Amino acid sequence: MIILGYESSCDETGVALVCTERGLLSHALHSQVKMHQEYGGVVPELASRDHIQRVLPLTAETLAAAGMQLADVDAVAYTAGPGLAGALLVGASVAQSIAWSLGRPAIPVHHLEGHLLSPLLANPTPAFPFVALLVSGGHTQLMRVDGVGRYALLGETLDDAAGEAFDKSAKLMGLGYPGGPALSKLAEQGDPTVYDLPRPMLHSGDLDFSFSGLKTAVLTRMKSFDVNGGAAFETAKANLAAATEAAIVDVLAAKSLKAMKQTGLKRLVVAGGVGANRHLRQHLETEMARRGGEVFFPPLSLCTDNGAMIAFAAAQRVNAGLVDLSTSSHAFTVRP
Ligand code: KG4
Ligand code: ZN
């Protein structure tokens, strides 16, 4: 079965073709990062309008790359939420319309399930069961995954998401949007030991997270710097970036390892935009190897939002018998 999938929950328009037997066939992506940069964050109305302009050319590109036509498509999947309402509506409307015109079913997909299953697009793929650390701009969760559709929440953030902590700290440091990659880049030039930032809830005994206090600590440090200090100011900022990254990575890693111990599982999967962080990857690879376990990441290009993970999650749900292809067709489902 050939599934055409759409992602439009935030600032990336993603389209992909996945075969339920053969996996990913092709995908195309347009990032709106440059457009939102001058505003320091995503402007929802601009995002929706850009999705409208990009979605059909990207569809043509995806079909051409796989040597296919719309008539070859057996079902159309789309991100139903969570995300920006207007942005979600673009992908959902296009997917529903194409599905309706072809007389094929449309399959709503939860954005986080897309991220959660995206490491299965990598080679080698992790076998079930595994623990998943889901770290995006809007979510930070630890899940036990026993199979497709069989997810148990182990812990989550009580306030800001890890990606949000990166983004907000970066903003306080005057770095561009999106903050995660910018802060991480600056951190490479800094010394993480110069400033001692808090590791919130590190010893809380549970698997929950809290990142809002970190933001305040970064703000306090920034205020103590002399903005006219020239090179000294730049060095201080790089050191603060390194300390911020180290604090976030330490907490994410410690809680993930605690989840491994608690569940007794040996496989850890990291998904979502923050999963692209090099420091987090290296830290978890070392620590999991030391414990005789393994850690899996999606391919770097599929860490942040993309259409491949949505079409792929739909395919996994179809293969697991979780989609009623006869009736799921045209119930319009968007949950911002
Ligand atoms: O999964 P994603 O693309 O979108 C959401 O569903 O939220 O994640 C975006 C988040 C942003 O907060 C971004 O700053 C963060 O992922 N991010 C990173 C890196 N690349 C993206 N954070 C830290 N280091 C990175 N290299
Ligand atoms: Zn996402």
# chains A, B, ... in the order shown; residues from 1 in each chain; ligands from 1
$ residues_near_ligand --ligand "ligand 1" --cutoff "6 Å" --atoms "only C-alpha atoms and all ligand atoms" --output "number ranges by chain"
A: 136-138, 163-164, 166-167, 178-181, 184, 272-274, 276-277, 304-305
$ write_last_selection --atoms "C-alpha atoms" --output "short mmCIF file (atom, residue, chain, number, x, y, z; two decimals), in the first residue's frame"
data_model
loop_
_atom_site.label_atom_id
_atom_site.label_comp_id
_atom_site.auth_asym_id
_atom_site.auth_seq_id
_atom_site.Cartn_x
_atom_site.Cartn_y
_atom_site.Cartn_z
CA SER A 136 10.91 18.64 20.71
CA GLY A 137 10.16 22.34 20.85
CA GLY A 138 6.79 21.70 22.49
CA GLY A 163 13.61 22.58 23.00
CA GLU A 164 11.86 25.58 24.52
CA PHE A 166 17.18 25.90 24.30
CA ASP A 167 15.13 28.43 22.32
CA PRO A 178 15.67 28.61 16.08
CA GLY A 179 17.70 28.84 19.25
CA GLY A 180 18.65 25.19 19.74
CA PRO A 181 21.12 24.84 16.87
CA SER A 184 24.66 24.54 20.45
CA GLY A 272 12.26 15.07 18.20
CA GLY A 273 14.23 18.17 17.23
CA VAL A 274 16.50 18.21 20.29
CA ALA A 276 19.72 16.48 16.67
CA ASN A 277 21.90 17.85 19.50
CA THR A 304 13.07 17.88 13.19
CA ASP A 305 9.59 18.01 11.65
#
$ select_by_dssp --residues "stretch 88-318 of chain A" --states "strand (DSSP E or B)" --output "PDB file with N, CA and C atoms, in the first residue's frame"
ATOM      1  N   ALA A 106      -8.350   8.833   4.265  1.00  0.00           N
ATOM      2  CA  ALA A 106      -7.399   9.778   4.847  1.00  0.00           C
ATOM      3  C   ALA A 106      -7.107   9.300   6.260  1.00  0.00           C
ATOM      4  N   ILE A 107      -5.847   9.417   6.663  1.00  0.00           N
ATOM      5  CA  ILE A 107      -5.450   8.884   7.980  1.00  0.00           C
ATOM      6  C   ILE A 107      -4.868  10.000   8.837  1.00  0.00           C
ATOM      7  N   PRO A 108      -5.577  10.432   9.898  1.00  0.00           N
ATOM      8  CA  PRO A 108      -5.008  11.437  10.794  1.00  0.00           C
ATOM      9  C   PRO A 108      -3.899  10.825  11.649  1.00  0.00           C
ATOM     10  N   VAL A 109      -2.798  11.550  11.823  1.00  0.00           N
ATOM     11  CA  VAL A 109      -1.661  11.031  12.605  1.00  0.00           C
ATOM     12  C   VAL A 109      -1.327  12.028  13.721  1.00  0.00           C
ATOM     13  N   HIS A 110      -1.064  11.520  14.921  1.00  0.00           N
ATOM     14  CA  HIS A 110      -0.619  12.366  16.031  1.00  0.00           C
ATOM     15  C   HIS A 110       0.848  12.733  15.775  1.00  0.00           C
ATOM     16  N   PHE A 130      11.022  -0.601  23.803  1.00  0.00           N
ATOM     17  CA  PHE A 130      12.106   0.336  24.108  1.00  0.00           C
ATOM     18  C   PHE A 130      11.571   1.517  24.904  1.00  0.00           C
ATOM     19  N   VAL A 131      12.507   2.270  25.482  1.00  0.00           N
ATOM     20  CA  VAL A 131      12.145   3.526  26.135  1.00  0.00           C
ATOM     21  C   VAL A 131      12.406   4.636  25.120  1.00  0.00           C
ATOM     22  N   ALA A 132      11.478   5.579  25.007  1.00  0.00           N
ATOM     23  CA  ALA A 132      11.680   6.695  24.069  1.00  0.00           C
ATOM     24  C   ALA A 132      11.766   8.006  24.826  1.00  0.00           C
ATOM     25  N   LEU A 133      12.792   8.768  24.501  1.00  0.00           N
ATOM     26  CA  LEU A 133      12.908  10.140  25.004  1.00  0.00           C
ATOM     27  C   LEU A 133      12.463  11.037  23.856  1.00  0.00           C
ATOM     28  N   LEU A 134      11.341  11.701  24.072  1.00  0.00           N
ATOM     29  CA  LEU A 134      10.749  12.537  23.026  1.00  0.00           C
ATOM     30  C   LEU A 134      11.038  13.988  23.374  1.00  0.00           C
ATOM     31  N   VAL A 135      11.930  14.622  22.630  1.00  0.00           N
ATOM     32  CA  VAL A 135      12.353  15.977  22.988  1.00  0.00           C
ATOM     33  C   VAL A 135      12.215  16.929  21.803  1.00  0.00           C
ATOM     34  N   THR A 140       8.439  17.301  26.084  1.00  0.00           N
ATOM     35  CA  THR A 140       9.545  16.525  26.638  1.00  0.00           C
ATOM     36  C   THR A 140       8.909  15.394  27.429  1.00  0.00           C
ATOM     37  N   GLN A 141       9.041  14.179  26.901  1.00  0.00           N
ATOM     38  CA  GLN A 141       8.391  13.029  27.524  1.00  0.00           C
ATOM     39  C   GLN A 141       9.302  11.813  27.492  1.00  0.00           C
ATOM     40  N   LEU A 142       9.127  10.969  28.499  1.00  0.00           N
ATOM     41  CA  LEU A 142       9.749   9.650  28.470  1.00  0.00           C
ATOM     42  C   LEU A 142       8.606   8.651  28.350  1.00  0.00           C
ATOM     43  N   MET A 143       8.704   7.763  27.368  1.00  0.00           N
ATOM     44  CA  MET A 143       7.626   6.804  27.139  1.00  0.00           C
ATOM     45  C   MET A 143       8.182   5.383  27.119  1.00  0.00           C
ATOM     46  N   ARG A 144       7.369   4.458  27.558  1.00  0.00           N
ATOM     47  CA  ARG A 144       7.680   3.052  27.329  1.00  0.00           C
ATOM     48  C   ARG A 144       6.897   2.644  26.088  1.00  0.00           C
ATOM     49  N   VAL A 145       7.597   2.094  25.104  1.00  0.00           N
ATOM     50  CA  VAL A 145       6.951   1.729  23.845  1.00  0.00           C
ATOM     51  C   VAL A 145       7.023   0.212  23.673  1.00  0.00           C
ATOM     52  N   ASP A 146       5.870  -0.445  23.759  1.00  0.00           N
ATOM     53  CA  ASP A 146       5.837  -1.904  23.629  1.00  0.00           C
ATOM     54  C   ASP A 146       5.495  -2.359  22.225  1.00  0.00           C
ATOM     55  N   GLY A 147       5.029  -1.448  21.404  1.00  0.00           N
ATOM     56  CA  GLY A 147       4.674  -1.765  20.019  1.00  0.00           C
ATOM     57  C   GLY A 147       3.995  -0.551  19.426  1.00  0.00           C
ATOM     58  N   ARG A 150       1.157   1.136  21.331  1.00  0.00           N
ATOM     59  CA  ARG A 150       1.191   0.679  22.735  1.00  0.00           C
ATOM     60  C   ARG A 150       2.228   1.501  23.503  1.00  0.00           C
ATOM     61  N   TYR A 151       1.781   2.659  23.985  1.00  0.00           N
ATOM     62  CA  TYR A 151       2.669   3.635  24.611  1.00  0.00           C
ATOM     63  C   TYR A 151       2.230   3.916  26.051  1.00  0.00           C
ATOM     64  N   ALA A 152       3.196   3.957  26.966  1.00  0.00           N
ATOM     65  CA  ALA A 152       2.886   4.319  28.356  1.00  0.00           C
ATOM     66  C   ALA A 152       3.780   5.488  28.761  1.00  0.00           C
ATOM     67  N   LEU A 153       3.169   6.548  29.246  1.00  0.00           N
ATOM     68  CA  LEU A 153       3.926   7.730  29.660  1.00  0.00           C
ATOM     69  C   LEU A 153       4.627   7.459  30.992  1.00  0.00           C
ATOM     70  N   LEU A 154       5.960   7.637  31.012  1.00  0.00           N
ATOM     71  CA  LEU A 154       6.727   7.404  32.243  1.00  0.00           C
ATOM     72  C   LEU A 154       6.983   8.706  32.982  1.00  0.00           C
ATOM     73  N   GLY A 155       7.138   9.786  32.245  1.00  0.00           N
ATOM     74  CA  GLY A 155       7.404  11.092  32.856  1.00  0.00           C
ATOM     75  C   GLY A 155       7.371  12.163  31.791  1.00  0.00           C
ATOM     76  N   GLU A 156       7.202  13.420  32.227  1.00  0.00           N
ATOM     77  CA  GLU A 156       7.163  14.520  31.243  1.00  0.00           C
ATOM     78  C   GLU A 156       7.517  15.839  31.913  1.00  0.00           C
ATOM     79  N   THR A 157       7.670  16.874  31.124  1.00  0.00           N
ATOM     80  CA  THR A 157       8.015  18.155  31.710  1.00  0.00           C
ATOM     81  C   THR A 157       6.793  18.769  32.396  1.00  0.00           C
ATOM     82  N   PHE A 209      10.361  16.332  34.411  1.00  0.00           N
ATOM     83  CA  PHE A 209      11.366  17.363  34.133  1.00  0.00           C
ATOM     84  C   PHE A 209      10.801  18.743  34.464  1.00  0.00           C
ATOM     85  N   ARG A 267      17.058  -0.876  25.379  1.00  0.00           N
ATOM     86  CA  ARG A 267      17.090  -0.025  24.185  1.00  0.00           C
ATOM     87  C   ARG A 267      16.438   1.326  24.469  1.00  0.00           C
ATOM     88  N   LEU A 268      17.179   2.391  24.112  1.00  0.00           N
ATOM     89  CA  LEU A 268      16.677   3.754  24.267  1.00  0.00           C
ATOM     90  C   LEU A 268      16.594   4.390  22.888  1.00  0.00           C
ATOM     91  N   VAL A 269      15.486   5.076  22.651  1.00  0.00           N
ATOM     92  CA  VAL A 269      15.282   5.739  21.377  1.00  0.00           C
ATOM     93  C   VAL A 269      15.108   7.229  21.654  1.00  0.00           C
ATOM     94  N   VAL A 270      15.801   8.070  20.900  1.00  0.00           N
ATOM     95  CA  VAL A 270      15.669   9.517  21.105  1.00  0.00           C
ATOM     96  C   VAL A 270      15.033  10.122  19.863  1.00  0.00           C
ATOM     97  N   ALA A 271      13.974  10.892  20.045  1.00  0.00           N
ATOM     98  CA  ALA A 271      13.288  11.474  18.884  1.00  0.00           C
ATOM     99  C   ALA A 271      12.885  12.912  19.149  1.00  0.00           C
ATOM    100  N   GLU A 294      21.769   0.004  24.202  1.00  0.00           N
ATOM    101  CA  GLU A 294      21.940   0.658  22.898  1.00  0.00           C
ATOM    102  C   GLU A 294      21.042   1.876  22.808  1.00  0.00           C
ATOM    103  N   VAL A 295      21.496   2.891  22.081  1.00  0.00           N
ATOM    104  CA  VAL A 295      20.650   4.063  21.859  1.00  0.00           C
ATOM    105  C   VAL A 295      20.481   4.277  20.356  1.00  0.00           C
ATOM    106  N   PHE A 296      19.270   4.607  19.970  1.00  0.00           N
ATOM    107  CA  PHE A 296      18.917   4.783  18.551  1.00  0.00           C
ATOM    108  C   PHE A 296      18.402   6.193  18.314  1.00  0.00           C
TER     109      PHE A 296
END
$ closest_residue --among "A:His27, A:Lys168, A:Lys215, A:His115" --to "ligand 2" --atoms "only C-alpha atoms and all ligand atoms"
A:His115
$ closest_residue --among "A:Val148, A:Ala47, A:Leu265, A:Ala66" --to "A:Ala314" --atoms "only C-alpha atoms"
A:Val148
$ residues_around --residues "A:Leu175" --least-positions-apart "5" --cutoff "12 Å" --atoms "only C-alpha atoms" --output "PyMOL selection string"
chain A and resi 37-38+40-41+166-170+180-187+234+237-238+241
$ atom_distance --atom1 "atom CA of A:Pro82" --atom2 "atom CA of A:Pro105"
21.1 Å
$ residues_around --residues "stretch 89-102 of chain A" --least-positions-apart "5" --cutoff "6 Å" --atoms "only C-alpha atoms" --output "PyMOL selection string"
chain A and resi 6+8+76+78
$ write_last_selection --atoms "N, CA and C atoms" --output "CSV table (one decimal), in the first residue's frame"
chain,number,residue,atom,x,y,z
A,6,TYR,N,1.5,14.1,4.9
A,6,TYR,CA,1.7,15.6,5.0
A,6,TYR,C,2.0,16.0,6.5
A,8,SER,N,2.4,19.7,8.6
A,8,SER,CA,2.3,21.1,8.5
A,8,SER,C,2.0,21.7,9.8
A,76,VAL,N,-4.0,8.7,2.2
A,76,VAL,CA,-3.3,10.0,2.4
A,76,VAL,C,-3.3,10.3,3.9
A,78,TYR,N,-2.0,12.7,7.3
A,78,TYR,CA,-1.7,14.1,7.7
A,78,TYR,C,-1.5,14.2,9.2
$ residues_around --residues "A:Glu7" --least-positions-apart "5" --cutoff "9 Å" --atoms "only C-alpha atoms" --output "ChimeraX atom specification"
/A:12-16,77-80,88,91-92,111,305-311
$ write_last_selection --atoms "N, CA and C atoms" --output "compact mmCIF listing (two decimals), in the first residue's frame"
# COMPACT_ATOMS: atom_id res chain seq x y z
N GLU A 12 7.48 23.81 9.17
CA GLU A 12 8.04 22.99 8.11
C GLU A 12 6.90 22.37 7.30
N THR A 13 6.99 22.47 5.98
CA THR A 13 6.02 21.77 5.14
C THR A 13 6.72 20.50 4.67
N GLY A 14 6.17 19.36 5.03
CA GLY A 14 6.80 18.09 4.65
C GLY A 14 5.81 17.20 3.92
N VAL A 15 6.30 16.56 2.85
CA VAL A 15 5.46 15.63 2.08
C VAL A 15 6.29 14.37 1.85
N ALA A 16 5.67 13.20 1.93
CA ALA A 16 6.43 11.97 1.72
C ALA A 16 5.57 10.86 1.16
N ALA A 77 -2.13 10.45 4.49
CA ALA A 77 -1.99 10.71 5.93
C ALA A 77 -1.63 12.17 6.16
N TYR A 78 -1.99 12.68 7.33
CA TYR A 78 -1.65 14.07 7.66
C TYR A 78 -1.54 14.23 9.16
N THR A 79 -0.75 15.23 9.58
CA THR A 79 -0.64 15.54 11.00
C THR A 79 -1.93 16.20 11.46
N ALA A 80 -2.59 15.57 12.41
CA ALA A 80 -3.88 16.12 12.91
C ALA A 80 -3.65 17.03 14.12
N LEU A 88 -2.00 23.48 10.75
CA LEU A 88 -2.53 22.11 10.67
C LEU A 88 -3.64 22.01 9.63
N GLY A 91 -2.45 21.33 5.90
CA GLY A 91 -2.10 19.93 5.59
C GLY A 91 -3.33 19.04 5.60
N ALA A 92 -4.19 19.25 6.61
CA ALA A 92 -5.39 18.41 6.73
C ALA A 92 -6.32 18.62 5.54
N HIS A 111 1.13 14.04 15.82
CA HIS A 111 2.49 14.51 15.51
C HIS A 111 3.56 13.79 16.35
N ASP A 305 10.84 18.36 12.32
CA ASP A 305 9.59 18.01 11.65
C ASP A 305 9.78 17.69 10.17
N ASN A 306 9.06 16.67 9.70
CA ASN A 306 9.15 16.25 8.30
C ASN A 306 7.95 15.39 7.93
N GLY A 307 7.72 15.24 6.64
CA GLY A 307 6.57 14.45 6.19
C GLY A 307 6.80 12.95 6.27
N ALA A 308 8.09 12.55 6.17
CA ALA A 308 8.40 11.12 6.16
C ALA A 308 7.89 10.44 7.43
N MET A 309 8.09 11.11 8.58
CA MET A 309 7.69 10.47 9.84
C MET A 309 6.16 10.32 9.94
N ILE A 310 5.43 11.22 9.27
CA ILE A 310 3.97 11.16 9.34
C ILE A 310 3.44 10.03 8.44
N ALA A 311 3.96 9.98 7.21
CA ALA A 311 3.56 8.90 6.30
C ALA A 311 3.99 7.54 6.87
